[in-house]
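Accompanying notes for the structure given below.
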Amino acid sequence: MPAAPRIACIALDRPLDRLFDYSIPEDLTLAPGQRVRVPFGRGSTIGVVVELASTSEVAPGRLRAIQEAPEAEPILGPRLLELLQFGARYYHHPLGEALLGALPPALRHGDPLPALTPETLWRMTPAGSQALADGDARGRRQQAVLRALAHPGSTPHDSPALDRATLAAATGLQLAPRELRAFAERGWLEAITPDPKQPPPPNTSDHTLTAEQRAAVDALTPDTGVPLLLEGVTGSGKTEVYLQMAERVLARGRQVLFLIPEIALTPQLSARIQQRFPGQVALLHSGLSEGERLRAWESARQGQRRIVVGTRSALFTPLPDLGLIIVDEEHDSAFKQQDGFRYNARDLAIKRGQLEQAAVVLGSATPTLETLHAATTGRYAHARLATRPDGSQPPAVEAIDTRVHTPDEGLTAPLLDAMQQTLAAGHQCFLLLNRRGFARVLACDACGWVAECPDCDARLTIHAHNPRAVCHLCGHQEPRPQRCPQCGEALAQRGLGTQRLEQALARHYPTTPLIRLDRDSIRHKGALEEALDRIRQLDAAIVVGTQMLAKGHDFPQVGLVGVIDVDQGLFSVDLRATETTLQLIVQAAGRAGRGSGGGRVLLQTGHPDHPLIRGLNAANYPAMVAPLLEERAAAEMPPHGHLALVRVEAGDAETTRRHAERVATHLRNAAAEGLRVLGPAPAPRHRVNRRFREQILLQSTQRGPLHRALTRARHAWQTDDLPRGTRIAIDIDPVSLA
DNA sequence: AGCACGCCGACT
DNA sequence: GTCGGCGTGCTC
């Protein structure tokens with residue numbers, strides 16, 4: 001008779017690629033996925049039970065006992081546990097970090113699960129409606145709340161009941177519970193406590209779906225394990241399709257996981273979902289406090305909230321009745337974690353869908369070549385939204401030849417003319433420039449010297465209100481040199497960024513409202529919402545920004561989109577630069593010509609006759625990127641080949657190189673037929689913050705040999721004596737080779 | 001990763 | 001004489 005399993009194999013939050021065995025105290029019953037506190041070294045730490053065993057390799061005398069289990073139940077269910085185990089294996093990352101990283105920080109640190117209180121919903125009373133109409137509600141906040149309850153987004157019917165978070169999202173205000181209670185005491189609002197067994201019905205939409213949208217909703221076939229690509233041109237109404245899919249799945253009693261690239265950049269989307277499903281949405285993103293995050297997570301795990309809207313890491317939220325995963329803007333690189341556990345939430349979402357028997361929808365106007373290829377070869381189902389419900393057309397794309405029209409401060413004469421016309425017609429101009437700040441560098445025109453960071457491979461940049469020169473990679477600052485240290489000539493400022501473009505535009509159009517939208521300008525909380533509101537309220541205006549300008553916002557007034565410099569993206573060496581630039585152009589074009597009809601997209605380029613530029617066609621993205629797919633096939637690059645990047649980093653160039661060579665040798669020894677090991681080569685940014693980086697690229701038409709070689713080589717270099725300061729990072733399916 | 005142990009330099 | 005530098009090894 002086998003002994004009872006009195007040993008638990010436990011994963012810990014350490015970068016150690018193994019489990020630790022502990023004995024289970026008599027009075028404790030454990031299951032995989034359960035959280036435990038264990039003694040470790042001289043302290044104690046939180047771990048997750050991965051499996052139970054009756055014997056251990058560790059001598060019985062050296063086994064220590066589990067201290068406690070904060071919950072009696074597994075906190076990660078079997079399918080989520082399997083997903084994370086798969087992910088850790090696939091991305092060659094220690095299981096403990098993957099597992100503990102999936103928990104909210106509070107649980108990782110040992111806090112107990114919070115008790116959930118039922119969410120109060122607020123509805124406007126007739127008295128409140130009266131107060132709004134009569135102007136009795138004087139305060140800005142009072143008016144905002146009442147108005148939100150009178151017109152919740154697209155449903156101007158009877159007053160719906162909204163929870164506090166939804167009201168906050170709809171008004172853009174921070175609302176304390178006591179403030180809402182005060183409104184209730186005045187008789188303007190009434191509080192409703194919904195029955196948890198009987199969730200409130202969705203606030204129905206009065207959008208009638210187009211035939212295409214209807215077909216897309218119907219294309220959702222649950223339980224087949226086949227992902228659905230929802231390819232919809234910008235403005236084609238993907239969100240409404242998602243919402244109706246969600247309604248169907250919720251009606252069958254299941255939960256919905258809605259992943260978006262970055263909540264902060266698209267506040268309207270999450271607000272719209274919350275308004276449609278009041279009190280049922282848990283919002284998960286990096287802006288939450290530990291406590292807020294924990295409560296949102298727990299409410300989803302308990303099934304109290306039926307919808308999770310969140311960024312990348314929300315993929316790992318436990319959902320007992322998961323029925324649908326939506327990955328919106330699936331092409332967005334924000335779904336790929338860029339350090340530590342380098343998973344791609346889009347790819348793991350597909351895996352989770354299979355494990356949980358939940359439908360998976362990937363939506364985009366500009367799908368990645370990987371997804372597009374899977375859809376055209378039949379591995380994924382494919383639904384297209386080719387038209388806009390309002391009947392408007394994506395604008396045509398025109399090129400301005402910068403060899404003929406020399407740009408001054410980034411602006412050519414034809415672009416300035418077109419802007420003039422657009423503004424005169426009362427429409428807006430959006431100008432896209434993928435470089436922040438002033439991005440001016442200090443250069444010597446006489447000998448070519450350029451001011452560089454002493455610690456990085458980067459040029460120092462000059463910003464508007466800073467008298468010093470700054471490094472964008474490490475933050476190093478120094479006084480601006482006035483003269484060239486090599487030849488003594490006076491230094492000139494060269495280059496162009498959004499801030500400088502903004503200044504140049506202010507000179508050209510001194511009376512036109514000018515708004516800049518980039519990472520720097522929205523740093524303050526609420527700054528983005530403020531800018532978006534201003535853009536929507538204005539008629540003629542110029543908006544300057546980086547790629548975030550192209551991200552999913554609806555601006556009805558845009559008549560012209562200008563791309564200041566397409567060439568730097570289109571003709572770059574990086575594997576995906578061309579693809580992401582084409583995506584950016586199409587997404588940007590999608591901002592123009594909504595509502596008011598027409599609209600132009602102007603690209604400034606020195607290669608107007610290049611096939612990619614001539615082939616630009618925002619209405620048919622798959623046709624437009626077909627040549628790229630052919631290139632990828634010829635080069636055995638994704639999706640026709642698989643990549644992994646191994647980065648070696650150390651404190652000086654010499655050791656980094658030496659150890660990279662050794663890692664590469666391990667990989668070559670472990671490599672089987674069909675695997676190419678390229679490098680090591682200095683990483684594109686070889687030196688950052690006084691550390692040096694070399695990289696090795698693995699390329700194979702099959703995933704198998706690639707993973708087998710990595711597994712074997714990893715064993716080899718772990719037993720090899722690499723010095724302490726050397727760090728090796730593995731990046732599977734890298735989104736950028738930089 | 002943390003945290004100990006451990007063996008060599010400049011300091012009250 | 002000791003405080004502390006970070007090289008090496010371990011954590012069930």
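We name chains A, B, ... following the order of the structure tokens; residues begin at 1 in each chain, and ligands are numbered from 1 as shown.
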Can I get the residues of chain B within 9 Å of chain C, each with the closest pair of atoms and their distance in Å to one decimal, using only C-alpha atoms (C1' of nucleotides), sorted chain first then ascending number, as a tab-separated table?
```
residue	atom	partner	partner_atom	distance
B:DA4	C1'	C:DC10	C1'	8.7
B:DC5	C1'	C:DG9	C1'	8.8
B:DG6	C1'	C:DT8	C1'	8.9
B:DC8	C1'	C:DG5	C1'	8.8
B:DG9	C1'	C:DG5	C1'	8.4
B:DC11	C1'	C:DC3	C1'	8.1
```
For the residues in that selection, give me all heavy atoms as a short mmCIF file (atom, residue, chain, number, x, y, z; two decimals), in the first residue's frame.
```cif
data_model
loop_
_atom_site.label_atom_id
_atom_site.label_comp_id
_atom_site.auth_asym_id
_atom_site.auth_seq_id
_atom_site.Cartn_x
_atom_site.Cartn_y
_atom_site.Cartn_z
P DA B 4 21.54 37.01 6.99
OP1 DA B 4 20.78 36.82 8.21
OP2 DA B 4 21.93 38.38 6.57
"O5'" DA B 4 22.85 36.13 7.06
"C5'" DA B 4 22.76 34.85 7.64
"C4'" DA B 4 23.71 33.89 6.94
"O4'" DA B 4 23.72 34.22 5.54
"C3'" DA B 4 25.15 34.01 7.42
"O3'" DA B 4 25.44 32.93 8.30
"C2'" DA B 4 25.98 33.91 6.15
"C1'" DA B 4 24.97 33.86 5.02
N9 DA B 4 25.27 34.77 3.92
C8 DA B 4 24.84 36.07 3.78
N7 DA B 4 25.25 36.64 2.67
C5 DA B 4 25.99 35.66 2.05
C6 DA B 4 26.69 35.62 0.83
N6 DA B 4 26.76 36.67 0.00
N1 DA B 4 27.33 34.48 0.51
C2 DA B 4 27.26 33.43 1.34
N3 DA B 4 26.63 33.33 2.51
C4 DA B 4 26.02 34.49 2.80
P DC B 5 26.63 33.07 9.32
OP1 DC B 5 26.37 32.11 10.41
OP2 DC B 5 26.83 34.50 9.61
"O5'" DC B 5 27.89 32.57 8.49
"C5'" DC B 5 27.86 31.29 7.85
"C4'" DC B 5 28.96 31.23 6.81
"O4'" DC B 5 28.68 32.19 5.77
"C3'" DC B 5 30.36 31.58 7.36
"O3'" DC B 5 31.25 30.53 7.06
"C2'" DC B 5 30.72 32.87 6.62
"C1'" DC B 5 29.89 32.78 5.36
N1 DC B 5 29.58 34.08 4.71
C2 DC B 5 30.00 34.33 3.39
O2 DC B 5 30.62 33.45 2.77
N3 DC B 5 29.71 35.54 2.82
C4 DC B 5 29.03 36.45 3.51
N4 DC B 5 28.77 37.61 2.91
C5 DC B 5 28.58 36.21 4.84
C6 DC B 5 28.88 35.04 5.41
P DG B 6 32.63 30.48 7.83
OP1 DG B 6 33.01 29.05 7.91
OP2 DG B 6 32.55 31.31 9.04
"O5'" DG B 6 33.58 31.21 6.77
"C5'" DG B 6 33.69 30.73 5.44
"C4'" DG B 6 34.58 31.66 4.64
"O4'" DG B 6 33.80 32.82 4.24
"C3'" DG B 6 35.79 32.19 5.42
"O3'" DG B 6 36.95 32.07 4.63
"C2'" DG B 6 35.45 33.65 5.65
"C1'" DG B 6 34.58 33.97 4.44
N9 DG B 6 33.69 35.10 4.62
C8 DG B 6 32.94 35.39 5.75
N7 DG B 6 32.21 36.48 5.61
C5 DG B 6 32.51 36.93 4.33
C6 DG B 6 32.02 38.07 3.64
O6 DG B 6 31.23 38.92 4.01
N1 DG B 6 32.59 38.16 2.36
C2 DG B 6 33.49 37.27 1.82
N2 DG B 6 33.91 37.51 0.59
N3 DG B 6 33.94 36.19 2.47
C4 DG B 6 33.41 36.09 3.71
P DC B 8 43.05 35.79 2.59
OP1 DC B 8 44.05 34.78 2.32
OP2 DC B 8 43.11 36.55 3.87
"O5'" DC B 8 43.00 36.82 1.34
"C5'" DC B 8 43.94 37.87 1.25
"C4'" DC B 8 43.22 39.21 1.23
"O4'" DC B 8 42.00 39.11 2.00
"C3'" DC B 8 44.02 40.35 1.85
"O3'" DC B 8 44.40 41.29 0.81
"C2'" DC B 8 43.08 40.98 2.87
"C1'" DC B 8 41.71 40.36 2.56
N1 DC B 8 40.88 40.15 3.78
C2 DC B 8 39.65 40.80 3.91
O2 DC B 8 39.26 41.54 3.00
N3 DC B 8 38.91 40.60 5.02
C4 DC B 8 39.36 39.78 5.99
N4 DC B 8 38.60 39.61 7.07
C5 DC B 8 40.61 39.11 5.89
C6 DC B 8 41.34 39.31 4.78
P DG B 9 45.13 42.61 1.16
OP1 DG B 9 46.27 42.71 0.24
OP2 DG B 9 45.34 42.76 2.61
"O5'" DG B 9 44.02 43.66 0.69
"C5'" DG B 9 44.40 44.99 0.34
"C4'" DG B 9 43.39 45.96 0.89
"O4'" DG B 9 42.53 45.28 1.84
"C3'" DG B 9 44.01 47.14 1.66
"O3'" DG B 9 43.36 48.35 1.27
"C2'" DG B 9 43.73 46.79 3.11
"C1'" DG B 9 42.39 46.08 3.01
N9 DG B 9 42.10 45.21 4.13
C8 DG B 9 42.84 44.15 4.59
N7 DG B 9 42.30 43.56 5.62
C5 DG B 9 41.13 44.28 5.87
C6 DG B 9 40.14 44.09 6.86
O6 DG B 9 40.10 43.24 7.74
N1 DG B 9 39.12 45.04 6.74
C2 DG B 9 39.09 46.02 5.79
N2 DG B 9 38.03 46.83 5.83
N3 DG B 9 39.99 46.20 4.86
C4 DG B 9 41.00 45.29 4.96
P DC B 11 40.74 54.48 5.07
OP1 DC B 11 39.92 53.29 4.86
OP2 DC B 11 40.26 55.78 4.53
"O5'" DC B 11 41.02 54.68 6.63
"C5'" DC B 11 40.14 55.45 7.37
"C4'" DC B 11 39.72 54.71 8.62
"O4'" DC B 11 40.14 53.33 8.55
"C3'" DC B 11 40.42 55.23 9.89
"O3'" DC B 11 39.69 56.35 10.38
"C2'" DC B 11 40.31 54.03 10.82
"C1'" DC B 11 40.32 52.84 9.86
N1 DC B 11 41.59 52.05 9.90
C2 DC B 11 41.68 50.96 10.76
O2 DC B 11 40.70 50.67 11.48
N3 DC B 11 42.83 50.24 10.80
C4 DC B 11 43.85 50.58 10.01
N4 DC B 11 44.96 49.84 10.07
C5 DC B 11 43.78 51.69 9.13
C6 DC B 11 42.64 52.39 9.10
#
```
Considering only C-alpha atoms (C1' of nucleotides), return as a PDB file with N, CA, C and O atoms, in the first residue's frame whatever protein or nucleic-acid residues lie within 6 Å of Ser364 in chain A, sequence-local ones (same chain, fewer than 5 positions apart) excluded.
```
ATOM      1  N   GLU A 231     -11.175  40.659 -38.061  1.00  0.00           N
ATOM      2  CA  GLU A 231     -10.413  41.678 -38.761  1.00  0.00           C
ATOM      3  C   GLU A 231     -11.371  42.761 -39.216  1.00  0.00           C
ATOM      4  O   GLU A 231     -12.209  42.522 -40.086  1.00  0.00           O
ATOM      5  N   GLU A 329      -7.053  44.608 -30.279  1.00  0.00           N
ATOM      6  CA  GLU A 329      -5.806  45.134 -30.866  1.00  0.00           C
ATOM      7  C   GLU A 329      -4.689  44.114 -30.697  1.00  0.00           C
ATOM      8  O   GLU A 329      -3.626  44.417 -30.158  1.00  0.00           O
ATOM      9  N   GLU A 330      -4.963  42.911 -31.179  1.00  0.00           N
ATOM     10  CA  GLU A 330      -4.055  41.798 -30.917  1.00  0.00           C
ATOM     11  C   GLU A 330      -2.652  42.040 -31.454  1.00  0.00           C
ATOM     12  O   GLU A 330      -1.706  41.378 -31.034  1.00  0.00           O
TER      13      GLU A 330
END
```
Enumerate, as a VMD selection string, the complete set of residues in range 24-252 of chain A that a backbone-based DSSP assignment places in strand (DSSP E).
-> chain A and resid 35 to 40 43 to 53 64 to 65 121 to 124 162 to 163 189 to 192 228 to 232
Would you save the residues from that selection as a compact mmCIF listing (two decimals), in the first residue's frame, using N, CA, C and O atoms?
```txt
# COMPACT_ATOMS: atom_id res chain seq x y z
N ARG A 35 -2.02 28.03 -1.83
CA ARG A 35 -1.00 28.94 -1.33
C ARG A 35 -0.54 28.45 0.04
O ARG A 35 -1.37 28.04 0.85
N VAL A 36 0.76 28.51 0.30
CA VAL A 36 1.30 28.09 1.60
C VAL A 36 2.39 29.05 2.06
O VAL A 36 3.02 29.72 1.24
N ARG A 37 2.56 29.10 3.36
CA ARG A 37 3.73 29.79 3.90
C ARG A 37 4.71 28.74 4.38
O ARG A 37 4.34 27.81 5.11
N VAL A 38 5.98 28.87 3.93
CA VAL A 38 6.99 27.87 4.27
C VAL A 38 8.24 28.55 4.81
O VAL A 38 8.54 29.68 4.45
N PRO A 39 8.97 27.83 5.67
CA PRO A 39 10.28 28.35 6.08
C PRO A 39 11.24 28.23 4.91
O PRO A 39 11.23 27.22 4.20
N PHE A 40 12.04 29.24 4.70
CA PHE A 40 13.01 29.19 3.59
C PHE A 40 14.25 29.95 4.02
O PHE A 40 14.18 31.14 4.34
N GLY A 43 14.37 32.83 6.86
CA GLY A 43 13.06 33.47 7.00
C GLY A 43 11.94 32.56 6.55
O GLY A 43 12.06 31.34 6.58
N SER A 44 10.85 33.17 6.14
CA SER A 44 9.77 32.38 5.57
C SER A 44 9.24 33.11 4.34
O SER A 44 9.45 34.31 4.17
N THR A 45 8.58 32.36 3.47
CA THR A 45 8.10 32.96 2.23
C THR A 45 6.82 32.27 1.78
O THR A 45 6.46 31.21 2.29
N ILE A 46 6.15 32.92 0.81
CA ILE A 46 4.90 32.36 0.28
C ILE A 46 5.22 31.51 -0.95
O ILE A 46 6.03 31.92 -1.79
N GLY A 47 4.59 30.36 -1.05
CA GLY A 47 4.77 29.50 -2.21
C GLY A 47 3.45 28.94 -2.67
O GLY A 47 2.41 29.16 -2.04
N VAL A 48 3.50 28.22 -3.79
CA VAL A 48 2.29 27.58 -4.32
C VAL A 48 2.58 26.10 -4.50
O VAL A 48 3.61 25.72 -5.06
N VAL A 49 1.68 25.25 -3.99
CA VAL A 49 1.82 23.81 -4.13
C VAL A 49 1.65 23.44 -5.60
O VAL A 49 0.67 23.82 -6.23
N VAL A 50 2.65 22.72 -6.14
CA VAL A 50 2.53 22.30 -7.53
C VAL A 50 2.09 20.84 -7.61
O VAL A 50 1.26 20.47 -8.42
N GLU A 51 2.67 19.99 -6.76
CA GLU A 51 2.20 18.61 -6.72
C GLU A 51 2.44 18.00 -5.35
O GLU A 51 3.21 18.52 -4.55
N LEU A 52 1.77 16.87 -5.10
CA LEU A 52 1.92 16.15 -3.85
C LEU A 52 2.69 14.87 -4.13
O LEU A 52 2.62 14.33 -5.23
N ALA A 53 3.44 14.42 -3.14
CA ALA A 53 4.24 13.20 -3.32
C ALA A 53 4.31 12.46 -2.00
O ALA A 53 4.02 13.01 -0.94
N ARG A 64 11.73 20.39 5.80
CA ARG A 64 11.08 21.25 6.79
C ARG A 64 9.57 21.20 6.56
O ARG A 64 9.10 20.78 5.51
N ALA A 65 8.83 21.64 7.57
CA ALA A 65 7.37 21.51 7.50
C ALA A 65 6.73 22.82 7.04
O ALA A 65 7.21 23.91 7.35
N LEU A 121 -25.45 49.56 -6.49
CA LEU A 121 -25.69 50.26 -7.75
C LEU A 121 -26.49 51.53 -7.45
O LEU A 121 -27.29 51.57 -6.52
N TRP A 122 -26.26 52.55 -8.24
CA TRP A 122 -26.91 53.84 -8.03
C TRP A 122 -27.79 54.18 -9.22
O TRP A 122 -27.36 54.06 -10.36
N ARG A 123 -29.01 54.60 -8.91
CA ARG A 123 -29.92 55.00 -9.98
C ARG A 123 -30.46 56.40 -9.68
O ARG A 123 -30.67 56.75 -8.51
N MET A 124 -30.71 57.17 -10.73
CA MET A 124 -31.25 58.51 -10.53
C MET A 124 -32.75 58.42 -10.26
O MET A 124 -33.49 57.71 -10.94
N LEU A 162 -25.89 52.23 -12.14
CA LEU A 162 -24.45 52.06 -12.36
C LEU A 162 -23.73 51.92 -11.02
O LEU A 162 -24.15 52.50 -10.02
N ASP A 163 -22.64 51.17 -11.03
CA ASP A 163 -21.85 51.08 -9.80
C ASP A 163 -20.89 52.28 -9.73
O ASP A 163 -20.74 53.03 -10.68
N LEU A 189 -30.54 60.28 -5.77
CA LEU A 189 -30.15 58.93 -6.18
C LEU A 189 -30.80 57.92 -5.27
O LEU A 189 -31.12 58.22 -4.12
N GLU A 190 -30.99 56.70 -5.78
CA GLU A 190 -31.37 55.62 -4.88
C GLU A 190 -30.34 54.50 -5.00
O GLU A 190 -29.81 54.24 -6.08
N ALA A 191 -30.07 53.87 -3.86
CA ALA A 191 -29.09 52.79 -3.83
C ALA A 191 -29.81 51.46 -4.03
O ALA A 191 -30.85 51.22 -3.44
N ILE A 192 -29.24 50.61 -4.87
CA ILE A 192 -29.82 49.29 -5.12
C ILE A 192 -28.74 48.26 -4.81
O ILE A 192 -27.60 48.40 -5.25
N LEU A 228 -10.85 32.87 -33.22
CA LEU A 228 -11.48 33.64 -34.30
C LEU A 228 -10.74 34.95 -34.48
O LEU A 228 -10.59 35.72 -33.53
N LEU A 229 -10.26 35.20 -35.69
CA LEU A 229 -9.71 36.52 -35.99
C LEU A 229 -10.85 37.42 -36.43
O LEU A 229 -11.54 37.12 -37.41
N LEU A 230 -11.04 38.51 -35.71
CA LEU A 230 -12.01 39.52 -36.11
C LEU A 230 -11.21 40.67 -36.73
O LEU A 230 -10.63 41.48 -36.03
N GLU A 231 -11.18 40.66 -38.06
CA GLU A 231 -10.41 41.68 -38.76
C GLU A 231 -11.37 42.76 -39.22
O GLU A 231 -12.21 42.52 -40.09
N GLY A 232 -11.29 43.92 -38.60
CA GLY A 232 -12.23 44.98 -38.94
C GLY A 232 -11.51 46.27 -39.24
O GLY A 232 -10.70 46.72 -38.43
```
With chain C as the partner and 9 Å as the cut-off, tabulate the residues of chain A that qualify, each row holding the nearest pair of atoms and their distance in Å to one decimal, using only C-alpha atoms (C1' of nucleotides), sorted by chain and rising number, as JSON lines.
```
{"residue": "A:Cys9", "atom": "CA", "partner": "C:DC12", "partner_atom": "C1'", "distance": 8.7}
{"residue": "A:Ile10", "atom": "CA", "partner": "C:DC12", "partner_atom": "C1'", "distance": 8.8}
{"residue": "A:Leu19", "atom": "CA", "partner": "C:DC12", "partner_atom": "C1'", "distance": 8.2}
{"residue": "A:Phe20", "atom": "CA", "partner": "C:DC12", "partner_atom": "C1'", "distance": 4.6}
{"residue": "A:Asp21", "atom": "CA", "partner": "C:DC12", "partner_atom": "C1'", "distance": 4.5}
{"residue": "A:Tyr22", "atom": "CA", "partner": "C:DC12", "partner_atom": "C1'", "distance": 5.6}
{"residue": "A:Ser23", "atom": "CA", "partner": "C:DC12", "partner_atom": "C1'", "distance": 8.8}
{"residue": "A:Phe40", "atom": "CA", "partner": "C:DT11", "partner_atom": "C1'", "distance": 6.3}
{"residue": "A:Gly41", "atom": "CA", "partner": "C:DT11", "partner_atom": "C1'", "distance": 5.1}
{"residue": "A:Arg42", "atom": "CA", "partner": "C:DT11", "partner_atom": "C1'", "distance": 8.8}
{"residue": "A:Val58", "atom": "CA", "partner": "C:DC12", "partner_atom": "C1'", "distance": 6.8}
{"residue": "A:Arg62", "atom": "CA", "partner": "C:DC12", "partner_atom": "C1'", "distance": 7.0}
{"residue": "A:Leu63", "atom": "CA", "partner": "C:DC12", "partner_atom": "C1'", "distance": 5.4}
{"residue": "A:Arg64", "atom": "CA", "partner": "C:DC12", "partner_atom": "C1'", "distance": 6.4}
{"residue": "A:Arg724", "atom": "CA", "partner": "C:DG7", "partner_atom": "C1'", "distance": 8.4}
```
Expected file: the selected residues, C-alpha atoms, as an mmCIF file, in the first residue's frame:
```
data_model
loop_
_atom_site.group_PDB
_atom_site.id
_atom_site.type_symbol
_atom_site.label_atom_id
_atom_site.label_comp_id
_atom_site.auth_asym_id
_atom_site.auth_seq_id
_atom_site.Cartn_x
_atom_site.Cartn_y
_atom_site.Cartn_z
ATOM 1 C CA CYS A 9 6.474 20.122 -3.988
ATOM 2 C CA ILE A 10 6.329 23.863 -3.799
ATOM 3 C CA LEU A 19 10.638 23.050 -6.754
ATOM 4 C CA PHE A 20 11.252 22.612 -3.029
ATOM 5 C CA ASP A 21 9.917 19.675 -1.035
ATOM 6 C CA TYR A 22 8.257 20.229 2.339
ATOM 7 C CA SER A 23 6.506 17.901 4.735
ATOM 8 C CA PHE A 40 13.005 29.190 3.589
ATOM 9 C CA GLY A 41 16.581 29.855 4.561
ATOM 10 C CA ARG A 42 16.451 31.897 7.720
ATOM 11 C CA VAL A 58 15.663 15.193 0.079
ATOM 12 C CA ARG A 62 16.441 17.965 6.077
ATOM 13 C CA LEU A 63 12.790 18.340 5.106
ATOM 14 C CA ARG A 64 11.078 21.250 6.792
ATOM 15 C CA ARG A 724 27.908 36.158 -10.822
#
```
Per-residue nearest contacts of chain B to chain A (12 Å; only C-alpha atoms (C1' of nucleotides)) as JSON lines:
```
{"residue": "B:DA1", "atom": "C1'", "partner": "A:Arg14", "partner_atom": "CA", "distance": 5.6}
{"residue": "B:DG2", "atom": "C1'", "partner": "A:Gly41", "partner_atom": "CA", "distance": 9.0}
{"residue": "B:DC3", "atom": "C1'", "partner": "A:Gly41", "partner_atom": "CA", "distance": 7.9}
{"residue": "B:DA4", "atom": "C1'", "partner": "A:Arg42", "partner_atom": "CA", "distance": 9.2}
```
